[in-house]
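Inspection log for the structure reproduced underneath, given as structure tokens.
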Amino acid sequence: MSDSTPPPASPYAPIQPMSPSDEKLWATLIHVGGIFFSFVPALVGYLVFKDRGPFINAHARTALNFQITMAIAYAVSVVLMLVVIGYLTMFAVAIIILIFSIIAAVAANNGQAYKYPLTIEFIK
């Protein structure tokens, strides 16, 4: 007697790839979110969307590496505030984040790849 019942279905649905327009939208939002919320949007975007498509994976990873690098620069700026120059470096970091995040968001919205300058690659 053989049991011909099929194996139980997996409780997890297979990961569905995102449409190109959704990938562009989320990549743009991840870059813009970094202006206001530091590395949090990039981290959430990377963890949630990394398996949903190569475009969103690349943009989320790039944004996360950039935001982590800028968080380190902010920490160094706080230490340098003891020598007064930290106020200048903190202002410079804020301007760098604003400018490069906007450039990255425009590139993502146009469906282009973007690599931030001044970035340490923590996540490969």
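All residue names refer to the structure tokens as shown: chains lettered A, B, ... in order, residues numbered from 1 in each chain, ligands numbered from 1 in order.
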Exercise for the section: Give me every alpha helix (DSSP H) residue in chain A, going by DSSP on the backbone, as a VMD selection string. Expected result: chain A and resid 20 to 37 40 to 49 54 to 80 85 to 109
Output of the above residues as a compact mmCIF listing (two decimals), in the first residue's frame, restricted to C-alpha atoms:
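For reference, again.txt as written:
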```txt
# COMPACT_ATOMS: atom_id res chain seq x y z
CA PRO A 20 10.48 47.08 -13.33
CA SER A 21 8.34 50.09 -12.45
CA ASP A 22 7.97 48.88 -8.84
CA GLU A 23 11.72 48.29 -8.61
CA LYS A 24 12.39 51.83 -9.82
CA LEU A 25 9.84 53.28 -7.38
CA TRP A 26 11.22 51.46 -4.33
CA ALA A 27 14.82 52.19 -5.28
CA THR A 28 13.96 55.90 -5.58
CA LEU A 29 12.18 55.88 -2.21
CA ILE A 30 15.13 54.13 -0.53
CA HIS A 31 17.53 56.82 -1.75
CA VAL A 32 15.22 59.71 -0.78
CA GLY A 33 14.47 58.10 2.58
CA GLY A 34 18.18 58.16 3.39
CA ILE A 35 18.07 61.96 3.41
CA PHE A 36 15.58 61.97 6.26
CA PHE A 37 16.11 58.70 8.13
CA VAL A 40 17.09 52.83 8.14
CA PRO A 41 15.24 52.94 4.76
CA ALA A 42 18.22 51.36 3.00
CA LEU A 43 18.48 48.61 5.62
CA VAL A 44 14.76 47.82 5.52
CA GLY A 45 14.75 48.00 1.72
CA TYR A 46 17.74 45.69 1.48
CA LEU A 47 16.31 43.12 3.89
CA VAL A 48 12.82 43.15 2.36
CA PHE A 49 13.54 43.57 -1.36
CA PRO A 54 18.59 42.61 -9.37
CA PHE A 55 17.86 46.33 -9.84
CA ILE A 56 16.36 46.87 -6.39
CA ASN A 57 19.03 44.66 -4.82
CA ALA A 58 21.84 46.75 -6.32
CA HIS A 59 20.28 50.07 -5.35
CA ALA A 60 19.39 49.02 -1.81
CA ARG A 61 22.88 47.59 -1.24
CA THR A 62 24.54 50.70 -2.65
CA ALA A 63 22.36 53.01 -0.56
CA LEU A 64 23.00 50.96 2.58
CA ASN A 65 26.77 51.05 2.10
CA PHE A 66 26.65 54.82 1.54
CA GLN A 67 24.43 55.50 4.54
CA ILE A 68 26.59 53.37 6.84
CA THR A 69 29.66 55.24 5.63
CA MET A 70 27.95 58.57 6.28
CA ALA A 71 26.85 57.41 9.76
CA ILE A 72 30.50 56.72 10.53
CA ALA A 73 31.38 60.19 9.21
CA TYR A 74 28.73 61.69 11.53
CA ALA A 75 30.22 59.81 14.48
CA VAL A 76 33.68 61.14 13.65
CA SER A 77 32.18 64.63 13.36
CA VAL A 78 30.69 64.36 16.84
CA VAL A 79 34.11 63.48 18.23
CA LEU A 80 35.68 66.35 16.29
CA ILE A 85 35.99 71.50 13.31
CA GLY A 86 33.35 68.82 13.87
CA TYR A 87 30.58 71.36 13.22
CA LEU A 88 32.02 72.02 9.79
CA THR A 89 32.47 68.33 8.97
CA MET A 90 28.93 67.53 10.14
CA PHE A 91 27.56 70.23 7.86
CA ALA A 92 29.66 68.87 4.98
CA VAL A 93 28.40 65.32 5.56
CA ALA A 94 24.78 66.57 5.56
CA ILE A 95 25.33 68.35 2.23
CA ILE A 96 27.03 65.28 0.74
CA ILE A 97 24.10 63.07 1.79
CA LEU A 98 21.58 65.49 0.32
CA ILE A 99 23.32 65.91 -3.03
CA PHE A 100 24.35 62.30 -3.64
CA SER A 101 21.01 60.88 -2.49
CA ILE A 102 19.14 63.13 -4.91
CA ILE A 103 21.47 62.12 -7.76
CA ALA A 104 20.99 58.44 -6.86
CA ALA A 105 17.20 58.83 -6.66
CA VAL A 106 17.08 60.44 -10.11
CA ALA A 107 19.26 57.66 -11.53
CA ALA A 108 17.05 54.99 -9.93
CA ASN A 109 13.92 56.67 -11.25
```
Problem - Nearest candidate to A:Gly53 (options A:Ala113, A:Ile123, A:Met18, A:Ala13; using only C-alpha atoms) - result: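 Of all the options, A:Met18 lies closest to A:Gly53.
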Problem - Residue nearest A:Pro14 among A:Lys124, A:Met81, A:Tyr116, A:Arg52 (counting only C-alpha atoms) - result: A:Arg52
